[in-house]
Amino acid sequence: MPDCFENLKNTIENKRCAVLGLGVSNLPLVKLLIGLTKPELLTVYDKKSVAELGEAAEELAARGVRFVCGNDWQDKVEGDVIFRSPGIRPDLPSLALAEENGAQLTSEIEKLLELTAAQTFAITGSDGKTTSTTLCGKFLEAAGMRVFVGGNIGTPLLDKCAEMTESDACVLELSSFQLMRLPHAPSFAAITNVSPNHLNWHIDFDEYVEAKKNIVGKNTKRLVVNADCEITRDFGREIAESGREVVFFSSSRSCYSEIVDGNYPSAKAIYRRDGVICISDGESETELLEEKEIRLPGTHNIENYMTAMALTYGYAEPQDFLSVAREFTGVEHRLEPVRTLDGVDYINGSIDSSPTRTIAALSALRGRDIVVICGGYDKNLDYAPLAPKLCESARVLVLTGATADKIERALRSYDGYSGSPEIIRAESFEESVTIAREHAREGGCVLLSPASASFDRFDNFAQRGRYFKKLVNELK
């Protein structure tokens, strides 16, 4: 048995294990645990019943796994080792009591970072995580490494841990939920930016920020931060003062002063110069990639490239960045072209679950005639910053979902709003697509960019995006 699995087995053998939430990350975890201990020592806690959880849960129950289900599942959690899913807060009273009684509270991602032998690269931030993570994996693959990509991007990797060696790369997208408690940090870490998000889950913005900072630990060798974001820039300076390597990136050249004028001998900067992305340590400059080779639109995607290049530089080289840039056309639900109908481009940006994401999407489509569909689940975000960009970039705004009222109020309260974009309300998601088509003009585009989460109508943003694509492709 590989060392990592031997260590995991020693952690759980003959102990009662509790798994909180049988979701995407925890189903493979339960199957893994069954192979390392007795099924009767495993308990799954979930709001849904075994029947609602489906065939996989029924098979686990048939093998002897115990289920505690219902709305009150979290009132009392028992176990010697408790694995929580990312969406469950670690400070629930029942979990605090369990820890007081000697239980070990952990998660799939925490155990992965503790046990893997691979080089670990991880990205967090309010925007750009998935594209940066995907690019990071592709750069390392182009450099010849065997790469495992997972985490918040949708793929749990603990069950792959036994396959990982010191010459492999483990690339992770990490959410603030996963970072709330992280005893073992990645070796190479990046924070793309920080802006208000998930404030319906976090106690406040300060807690959200601190969760993001948890991506850095004592073993972190390199931190990549956005020099144009005050929060990440200041955190980068703090880490650089300790003597560790920090790479500041900026779509301007503002980060250059961090290494030229600052007192950080271990710092580097990645920036744009005359259409070329460069890296410098203050003494020498290396050209990494010409911007014209990047097939993704928008400044935010140039920043995603900077993040991934800064994180992997030294393992991957400029020729690796070039080979990926010439082939990579983007990740699903991120300014994803769906079809062109009657001269109108339909674009799926379902991942845009916050105002900052929608601002970036509208900026990437600068100069287009845009009909934008917004609205969805309310994460207690402020929509005032979105209003100027809507006025600047959109001709028609179709609003639907739980945040429709909030977005309209923000737009009408903006001093610069004078009736454009035209605001149209849709009673259903389906109607929003129909209305958008009716108001789109040849040569323009219809953009789904909700600036809101999906949970008012959908299980997740991916389901929303695929339903949008289905509706668009069914248009006659």
# chains A, B, ... in the order shown; residues from 1 in each chain; ligands from 1

$ closest_atom_pairs --of "stretch 60-156 of chain A" --to "stretch 354-363 of chain A" --cutoff "10 Å" --atoms "only C-alpha atoms" --output "Markdown table"
| residue | atom | partner | partner_atom | distance |
| --- | --- | --- | --- | --- |
| A:Ser126 | CA | A:Thr356 | CA | 8.5 |
| A:Asp127 | CA | A:Arg357 | CA | 6.4 |
| A:Gly128 | CA | A:Arg357 | CA | 8.5 |

$ residues_around --residues "A:Asn214" --least-positions-apart "3" --cutoff "8 Å" --atoms "only C-alpha atoms" --output "ChimeraX atom specification"
/A:179-182,185,210-211,217

$ select_by_dssp --residues "stretch 75-120 of chain A" --states "strand (DSSP E)" --output "PyMOL selection string"
chain A and resi 81-84+104-106+119-120

$ closest_atom_pairs --of "stretch 145-220 of chain A" --to "stretch 109-123 of chain A" --cutoff "10 Å" --atoms "only C-alpha atoms" --output "CSV"
residue,atom,partner,partner_atom,distance
A:Arg146,CA,A:Ala118,CA,9.6
A:Val147,CA,A:Ala118,CA,9.1
A:Phe148,CA,A:Ala118,CA,9.1
A:Val149,CA,A:Phe121,CA,9.4
A:Gly150,CA,A:Ile109,CA,9.5
A:Gly151,CA,A:Ile109,CA,6.9
A:Asn152,CA,A:Ile109,CA,9.3
A:Pro156,CA,A:Ile109,CA,7.7
A:Leu157,CA,A:Leu112,CA,7.1
A:Leu158,CA,A:Leu112,CA,5.2
A:Asp159,CA,A:Leu112,CA,8.8
A:Lys160,CA,A:Thr116,CA,9.2
A:Cys161,CA,A:Thr116,CA,5.6
A:Ala162,CA,A:Thr116,CA,7.8
A:Glu163,CA,A:Thr116,CA,9.1
A:Met164,CA,A:Ala118,CA,5.6
A:Thr165,CA,A:Ala118,CA,5.1
A:Glu166,CA,A:Ala118,CA,4.5
A:Ser167,CA,A:Ala118,CA,6.4
A:Asp168,CA,A:Ala118,CA,5.0
A:Ala169,CA,A:Gln119,CA,4.8
A:Cys170,CA,A:Thr120,CA,4.8
A:Val171,CA,A:Phe121,CA,4.7
A:Leu172,CA,A:Ala122,CA,4.5
A:Glu173,CA,A:Ile123,CA,5.0
A:Leu174,CA,A:Ile123,CA,6.0
A:Ser175,CA,A:Ile123,CA,8.6
A:Gln178,CA,A:Ile109,CA,7.2
A:Leu179,CA,A:Glu110,CA,8.9
A:Arg181,CA,A:Glu110,CA,8.2
A:Leu182,CA,A:Glu110,CA,6.0
A:Pro183,CA,A:Glu110,CA,7.0
A:His184,CA,A:Glu114,CA,5.5
A:Ala185,CA,A:Leu113,CA,6.8
A:Pro186,CA,A:Thr120,CA,5.1
A:Ser187,CA,A:Thr120,CA,5.4
A:Phe188,CA,A:Phe121,CA,4.7
A:Ala189,CA,A:Ala122,CA,4.9
A:Ala190,CA,A:Ile123,CA,4.7
A:Ile191,CA,A:Ile123,CA,6.0
A:Thr192,CA,A:Ile123,CA,7.3
A:Lys212,CA,A:Ile123,CA,9.7
A:Ile215,CA,A:Ala122,CA,7.7
A:Val216,CA,A:Ala122,CA,9.8
A:Thr220,CA,A:Thr120,CA,9.5

$ write_last_selection --atoms "C-alpha atoms" --output "short mmCIF file (atom, residue, chain, number, x, y, z; two decimals), in the first residue's frame"
data_model
loop_
_atom_site.label_atom_id
_atom_site.label_comp_id
_atom_site.auth_asym_id
_atom_site.auth_seq_id
_atom_site.Cartn_x
_atom_site.Cartn_y
_atom_site.Cartn_z
CA ARG A 146 2.02 14.40 -15.23
CA VAL A 147 -0.69 16.66 -13.86
CA PHE A 148 -3.73 16.12 -11.63
CA VAL A 149 -6.19 19.05 -11.69
CA GLY A 150 -9.01 19.26 -9.16
CA GLY A 151 -10.46 20.87 -6.07
CA ASN A 152 -13.20 23.46 -6.46
CA PRO A 156 -11.86 15.48 -6.01
CA LEU A 157 -8.36 14.01 -6.02
CA LEU A 158 -7.82 12.25 -2.69
CA ASP A 159 -8.62 8.89 -4.29
CA LYS A 160 -5.85 9.63 -6.87
CA CYS A 161 -3.30 10.40 -4.18
CA ALA A 162 -1.72 6.96 -4.35
CA GLU A 163 -0.80 7.54 -8.00
CA MET A 164 0.99 10.84 -7.35
CA THR A 165 4.79 10.98 -7.19
CA GLU A 166 7.31 13.74 -6.46
CA SER A 167 7.70 14.37 -10.19
CA ASP A 168 3.95 14.97 -10.66
CA ALA A 169 1.95 18.18 -10.20
CA CYS A 170 -1.25 18.50 -8.20
CA VAL A 171 -3.07 21.66 -9.35
CA LEU A 172 -5.99 22.88 -7.24
CA GLU A 173 -8.64 25.55 -7.43
CA LEU A 174 -9.53 26.44 -3.84
CA SER A 175 -12.61 28.33 -2.67
CA GLN A 178 -12.20 25.06 1.42
CA LEU A 179 -9.69 27.52 2.85
CA ARG A 181 -9.24 25.75 7.82
CA LEU A 182 -6.14 24.55 5.98
CA PRO A 183 -3.39 23.06 8.16
CA HIS A 184 -1.28 22.05 5.12
CA ALA A 185 -0.84 24.78 2.52
CA PRO A 186 0.29 24.29 -1.10
CA SER A 187 3.91 24.85 -2.10
CA PHE A 188 2.97 27.32 -4.85
CA ALA A 189 -0.02 29.58 -4.19
CA ALA A 190 -1.81 32.36 -6.07
CA ILE A 191 -4.54 34.86 -5.16
CA THR A 192 -6.03 36.34 -8.33
CA LYS A 212 -8.29 33.56 1.12
CA ILE A 215 -3.73 29.54 1.08
CA VAL A 216 -0.28 30.53 2.37
CA THR A 220 4.62 27.82 0.80
#
